[in-house]
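Listing of input-v8.txt; format and content: compact mmCIF, C-alpha atoms.
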```
# COMPACT_ATOMS: atom_id res chain seq x y z
CA MET A 166 10.62 10.98 0.91
CA GLY A 167 12.67 7.98 -0.08
CA THR A 168 14.54 9.83 -2.81
CA VAL A 169 17.50 12.12 -3.54
CA PHE A 170 17.47 15.83 -4.38
CA SER A 171 20.22 17.58 -6.31
CA PHE A 172 20.90 21.18 -7.34
CA ALA A 173 22.85 22.79 -10.16
CA VAL A 174 23.27 26.55 -9.84
CA ARG A 175 24.97 28.30 -12.76
CA ASP A 176 24.87 31.76 -11.23
CA PRO A 177 25.87 31.33 -7.58
CA GLY A 178 25.91 34.55 -5.61
CA PRO A 179 26.56 35.69 -2.04
CA GLY A 180 23.24 34.26 -0.87
CA THR A 181 23.41 30.87 -2.59
CA ALA A 182 25.05 28.89 0.22
CA ALA A 183 22.57 30.19 2.78
CA ALA A 184 19.69 29.45 0.40
CA LEU A 185 20.84 25.86 0.00
CA GLU A 186 20.98 25.50 3.78
CA ARG A 187 17.40 26.81 4.03
CA ILE A 188 16.32 24.45 1.24
CA THR A 189 17.88 21.47 3.01
CA ALA A 190 16.07 22.35 6.22
CA ARG A 191 12.82 22.88 4.29
CA LEU A 192 13.09 19.51 2.56
CA HIS A 193 13.76 17.74 5.85
CA ARG A 194 10.69 19.45 7.30
CA ILE A 195 8.55 18.41 4.32
CA ASP A 196 9.81 14.86 4.81
CA ALA A 197 8.98 14.94 8.51
CA VAL A 198 5.44 16.09 7.78
CA PHE A 199 4.54 14.21 4.59
CA SER A 200 6.70 11.10 4.21
CA PRO A 201 4.64 7.89 4.06
CA TYR A 202 7.85 5.99 4.87
CA ARG A 203 8.05 7.51 8.35
CA PRO A 204 5.55 6.16 10.87
CA ASP A 205 5.93 9.34 12.92
CA SER A 206 5.20 11.76 10.06
CA GLN A 207 2.07 13.86 10.32
CA VAL A 208 0.63 12.24 7.21
CA SER A 209 1.20 8.72 8.58
CA ARG A 210 -0.36 9.65 11.91
CA LEU A 211 -3.25 11.40 10.18
CA GLY A 212 -3.87 8.36 8.02
CA ARG A 213 -3.99 6.10 11.09
CA GLY A 214 -6.42 8.44 12.83
CA GLU A 215 -3.92 9.39 15.54
CA LEU A 216 -3.83 13.05 14.53
CA ALA A 217 -6.62 15.40 13.48
CA LEU A 218 -6.22 17.50 10.35
CA ASP A 219 -6.54 20.74 12.30
CA ALA A 220 -3.63 19.63 14.50
CA CYS A 221 -1.34 19.21 11.47
CA ASP A 222 0.78 21.87 9.81
CA LEU A 223 -1.42 24.19 7.73
CA GLU A 224 0.35 22.92 4.59
CA VAL A 225 -1.19 19.46 5.06
CA ALA A 226 -4.70 20.75 4.39
CA GLU A 227 -3.42 22.71 1.37
CA VAL A 228 -1.63 19.67 -0.07
CA LEU A 229 -4.76 17.54 0.33
CA ARG A 230 -6.76 20.28 -1.38
CA GLN A 231 -4.35 20.25 -4.31
CA CYS A 232 -4.65 16.46 -4.51
CA ARG A 233 -8.44 16.75 -4.69
CA ARG A 234 -8.10 19.35 -7.44
CA VAL A 235 -5.86 17.11 -9.54
CA ALA A 236 -8.23 14.18 -8.96
CA GLU A 237 -11.12 16.26 -10.26
CA GLU A 238 -9.15 17.55 -13.25
CA THR A 239 -8.09 14.02 -14.24
CA GLY A 240 -11.45 12.32 -13.86
CA GLY A 241 -10.43 10.37 -10.78
CA HIS A 242 -7.15 9.05 -12.17
CA PHE A 243 -5.20 10.66 -9.32
CA THR A 244 -5.58 9.94 -5.64
CA ASP A 245 -4.00 10.80 -2.31
CA HIS A 246 -5.02 7.34 -1.08
CA PRO A 247 -3.14 4.87 -3.32
CA ALA A 248 -3.81 1.30 -2.20
CA GLY A 249 -6.24 2.73 0.35
CA ARG A 250 -3.54 4.47 2.39
CA LEU A 251 -3.12 8.22 2.83
CA ASP A 252 -0.10 9.12 0.73
CA PRO A 253 -0.05 12.49 -1.08
CA SER A 254 3.45 11.87 -2.49
CA GLY A 255 2.08 12.21 -6.03
CA TRP A 256 1.76 15.91 -5.33
CA VAL A 257 4.34 16.45 -2.59
CA LYS A 258 7.47 15.36 -4.47
CA GLY A 259 7.00 17.81 -7.34
CA TRP A 260 5.87 20.52 -4.94
CA ALA A 261 9.04 20.04 -2.88
CA VAL A 262 11.18 20.48 -6.01
CA GLU A 263 9.19 23.61 -6.83
CA GLU A 264 9.69 24.96 -3.31
CA ALA A 265 13.46 24.47 -3.61
CA SER A 266 13.51 26.32 -6.92
CA ARG A 267 11.42 29.12 -5.43
CA GLU A 268 13.97 29.58 -2.64
CA LEU A 269 16.83 29.76 -5.15
CA ARG A 270 14.90 32.38 -7.12
CA ALA A 271 14.39 34.38 -3.92
CA ALA A 272 18.17 34.28 -3.43
CA GLY A 273 18.64 35.83 -6.86
CA SER A 274 19.32 32.80 -9.04
CA VAL A 275 17.88 32.86 -12.56
CA GLN A 276 19.96 29.92 -13.86
CA HIS A 277 19.45 26.71 -11.91
CA CYS A 278 18.13 23.18 -12.04
CA VAL A 279 16.55 21.23 -9.18
CA SER A 280 16.01 17.50 -9.42
CA GLY A 281 14.17 15.29 -6.97
CA GLY A 282 13.37 11.65 -7.58
CA GLY A 283 13.37 12.13 -11.34
CA ASP A 284 11.32 15.34 -11.28
CA VAL A 285 13.23 18.26 -12.78
CA GLN A 286 12.56 21.99 -12.62
CA THR A 287 14.87 24.23 -14.61
CA VAL A 288 15.05 28.02 -14.51
CA GLY A 289 16.76 29.91 -17.29
CA GLY A 290 18.70 27.86 -19.76
CA PRO A 291 19.13 26.30 -22.07
CA TRP A 292 19.25 23.06 -20.10
CA ARG A 293 19.50 19.48 -21.32
CA VAL A 294 17.36 16.95 -19.47
CA GLY A 295 17.81 13.25 -20.14
CA VAL A 296 14.79 10.94 -20.00
CA ALA A 297 15.49 7.33 -19.02
CA ASP A 298 14.50 4.57 -21.41
CA PRO A 299 12.18 2.23 -19.48
CA LEU A 300 13.07 -0.71 -21.72
CA ARG A 301 16.86 -0.29 -21.76
CA PRO A 302 18.36 0.10 -18.30
CA GLY A 303 21.03 2.79 -18.24
CA ALA A 304 20.04 4.22 -21.62
CA LEU A 305 18.24 7.42 -22.51
CA ALA A 306 15.01 7.56 -24.47
CA THR A 307 15.45 11.21 -25.34
CA VAL A 308 17.24 14.39 -24.34
CA LEU A 309 15.13 17.52 -23.96
CA THR A 310 16.63 20.95 -24.50
CA GLY A 311 14.99 24.19 -23.49
CA HIS A 312 14.43 27.00 -21.03
CA ASP A 313 12.30 26.96 -17.88
CA LEU A 314 11.33 23.30 -18.18
CA ALA A 315 9.42 21.14 -15.75
CA VAL A 316 9.96 17.49 -16.64
CA ALA A 317 8.34 14.53 -14.87
CA THR A 318 8.36 10.86 -15.83
CA SER A 319 6.11 8.13 -14.50
CA GLY A 320 6.90 4.56 -15.41
CA THR A 321 7.95 1.04 -14.56
CA ALA A 322 11.73 1.32 -14.99
CA GLU A 323 12.63 1.83 -11.33
CA ARG A 324 9.77 0.36 -9.29
CA GLY A 325 7.90 -1.94 -11.64
CA ALA A 326 4.12 -1.70 -12.05
CA HIS A 327 3.61 0.49 -8.97
CA ILE A 328 1.04 2.91 -10.41
CA HIS A 329 -2.56 1.79 -10.08
CA ASP A 330 -5.72 3.13 -11.65
CA PRO A 331 -7.53 4.58 -8.61
CA ARG A 332 -10.90 3.82 -10.19
CA THR A 333 -10.26 0.07 -10.56
CA GLY A 334 -7.44 -0.60 -8.10
CA ARG A 335 -5.58 -2.53 -10.79
CA PRO A 336 -1.99 -1.80 -11.95
CA ALA A 337 -1.73 0.48 -14.97
CA THR A 338 0.05 -1.58 -17.64
CA GLY A 339 -0.71 0.24 -20.88
CA LEU A 340 2.49 2.29 -20.76
CA ALA A 341 6.13 1.63 -19.95
CA SER A 342 6.73 5.31 -19.25
CA LEU A 343 5.11 8.69 -19.71
CA THR A 344 7.15 11.89 -19.68
CA LEU A 345 5.40 15.22 -19.33
CA VAL A 346 6.91 18.63 -19.99
CA GLY A 347 5.30 21.72 -18.51
CA SER A 348 6.26 24.88 -16.66
CA ARG A 349 5.57 24.02 -12.99
CA ILE A 350 6.78 20.68 -11.70
CA ALA A 351 4.17 20.18 -8.95
CA ASP A 352 1.29 20.00 -11.42
CA THR A 353 3.42 18.36 -14.13
CA ASP A 354 4.42 15.50 -11.83
CA ALA A 355 0.89 14.94 -10.53
CA TYR A 356 -0.51 14.99 -14.06
CA ALA A 357 2.13 12.48 -15.18
CA THR A 358 1.04 10.03 -12.48
CA ALA A 359 -2.63 10.46 -13.34
CA ALA A 360 -2.13 10.28 -17.09
CA PHE A 361 -0.04 7.12 -16.75
CA ALA A 362 -3.05 5.49 -15.11
CA MET A 363 -5.24 6.54 -18.05
CA GLY A 364 -3.38 4.45 -20.61
CA PRO A 365 -1.79 5.72 -23.84
CA ASP A 366 -4.77 6.78 -25.96
CA ARG A 367 -6.73 8.61 -23.31
CA ALA A 368 -3.60 10.08 -21.73
CA LEU A 369 -2.29 11.66 -24.93
CA ALA A 370 -5.71 13.07 -25.81
CA TRP A 371 -6.10 14.52 -22.31
CA ILE A 372 -2.62 16.06 -22.34
CA ALA A 373 -2.99 17.48 -25.85
CA ALA A 374 -6.08 19.35 -24.68
CA ARG A 375 -4.17 21.09 -21.88
CA PRO A 376 -2.24 24.22 -22.95
CA GLY A 377 1.40 24.26 -21.98
CA LEU A 378 1.66 20.51 -21.43
CA GLU A 379 3.38 18.03 -23.78
CA ALA A 380 4.10 14.32 -23.52
CA LEU A 381 6.22 11.42 -24.70
CA ALA A 382 4.62 8.01 -24.19
CA ILE A 383 6.63 4.79 -24.50
CA LEU A 384 4.57 1.63 -24.76
CA PRO A 385 5.70 -1.80 -23.50
CA THR A 386 6.30 -2.75 -27.15
CA GLY A 387 8.79 0.10 -27.54
CA GLU A 388 6.42 2.18 -29.66
CA ARG A 389 6.74 5.91 -29.00
CA ARG A 390 3.96 8.45 -29.23
CA THR A 391 4.14 12.19 -28.60
CA THR A 392 1.81 15.14 -28.44
CA PRO A 393 2.27 17.56 -31.35
CA GLY A 394 4.35 20.12 -29.46
CA PHE A 395 6.67 17.77 -27.60
CA PRO A 396 10.12 19.43 -27.56
CA GLY A 397 13.46 18.02 -28.61
CA PRO A 398 14.31 14.89 -30.59
CA ALA A 399 12.23 11.72 -30.33
CA ALA A 400 15.29 9.66 -29.49
CA ALA A 401 18.82 10.08 -28.24
```

This entry written out as structure tokens:
Amino acid sequence: MGTVFSFAVRDPGPGTAAALERITARLHRIDAVFSPYRPDSQVSRLGRGELALDACDLEVAEVLRQCRRVAEETGGHFTDHPAGRLDPSGWVKGWAVEEASRELRAAGSVQHCVSGGGDVQTVGGPWRVGVADPLRPGALATVLTGHDLAVATSGTAERGAHIHDPRTGRPATGLASLTLVGSRIADTDAYATAAFAMGPDRALAWIAARPGLEALAILPTGERRTTPGFPGPAAA
């Protein structure tokens, strides 16, 4: 998926090593099916019309269904066709992190952290999760502390203005970064992408209306805005 996954397990047990091997195989399979960077992936072939949906893994239809759900929930600010090309990465990356955490739970771990491409799912705690400052390379904007956190950041720090508003096709430039904190990283990551495309005012209002979801928005000017229940300090 063009990114790196890492694992921190505080309570390794007899089944941890085998679980990590299963997770590695699972992530490679997810990449083989869903990666838009691989021309031979099922998603790439499906997008080019070379493969029918019913010939794909059953998870492809489920992932596309989840993408449609998020698109509906966010008023069309999320899409599985960014730039007109089938690419459900906005859902898949967070879901892959969640799948890895689920496997560690099944192996008995109740104290672990999984990170993939900036998406973080923690179990147990407390854990400290640093959030990159989009305006100061190498610096942190804040450090979140808590239990059972799902943290996802969308922004321009790593890839520039790569998030577009699906409704207009234009780059979303109202925010430098948007960090969401929830409980499940698949939804949290997808919502972060969609809310970034909304712009600061609409995004914060939309997030504040969703129970269990909090946000830190950093504007291109450096101004910071948060939802009322955003955890941790505002700066670090």

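The gap separating CA of Val169 in chain A from CA of Glu263 in chain A is 14.6 Å, in Å to one decimal.
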
**Prompt:** Could you state the separation of CA of Arg332 in chain A and CA of Ala359 in chain A in Å, given to one decimal place?
**Reply:** 11.1 Å

Around all listed atoms of range 271-279 of chain A, padded 4 Å per side, what centre and edge lengths does the axis-aligned box have in Å to one decimal, as lines of an AutoDock Vina configuration file?
```
center_x = 17.2
center_y = 28.5
center_z = -8.6
size_x = 13.6
size_y = 22.6
size_z = 18.4
```

**Request:** For range 252-256 of chain A, list every protein, DNA or RNA residue within 9 Å, evaluated using only C-alpha atoms, and leave out those in the same chain fewer than 2 positions away; present the list as an MDAnalysis selection string.
**Result:** chainID A and resid 166 199:201 208:209 212 228:229 231:232 235 243:247 249:250 258:261 351:352 354:356 358:359

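Look at range 306-313 of chain A: the protein and nucleic acid residues within 9 Å of it, using only C-alpha atoms and passing over chain neighbours fewer than 4 places away, are Gln286, Thr287, Val288, Gly289, Gly290, Pro291, Trp292, Arg293, Val294, Gly295, Val296, Ala297, Asp298, Pro299, Leu300, Arg301, Gly347, Ser348, Arg349, Ile383, Pro396, Gly397, Pro398, Ala399, Ala400 and Ala401 of chain A.
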
**Item:** Phe395 in chain A surroundings by all atoms listed in the file, 8 Å radius, close-in-sequence under 3 positions cut, as an MDAnalysis selection string
**Value:** chainID A and resid 346 379:381 391:392

**Request:** Work out how far apart CA of Val316 in chain A and CA of Val285 in chain A are and give it in Å to one decimal.
**Result:**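 Separation between CA of Val316 in chain A and CA of Val285 in chain A: 5.1 Å.
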
**Nearest to Pro365 in chain A, chosen from A:Leu378, A:Ser266, A:Ile188, A:Ser342, with all atoms listed in the file counted in the distances** = A:Ser342

**Request:** Quick one: everything within 12 Å of Ser274 in chain A, counting all atoms listed in the file, minus sequence neighbours fewer than 5 positions away in the same chain. Send it as a PyMOL selection string.
**Result:** chain A and resi 172-182+184-185+265-269+279+287-290

**Message:** For Ala360 in chain A, find every residue with an atom within 9 Å (counting all atoms listed in the file), except residues of its own chain fewer than 6 positions away, and show them as number ranges by chain.
**Reply:** A: 239, 242-243, 319, 343, 367-369, 371-372

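Minimum atom-to-atom distance to Leu384 in chain A, evaluated using all atoms listed in the file, belongs to A:Leu340 out of A:Ile195, A:Leu211, A:Leu340, A:Ala315.
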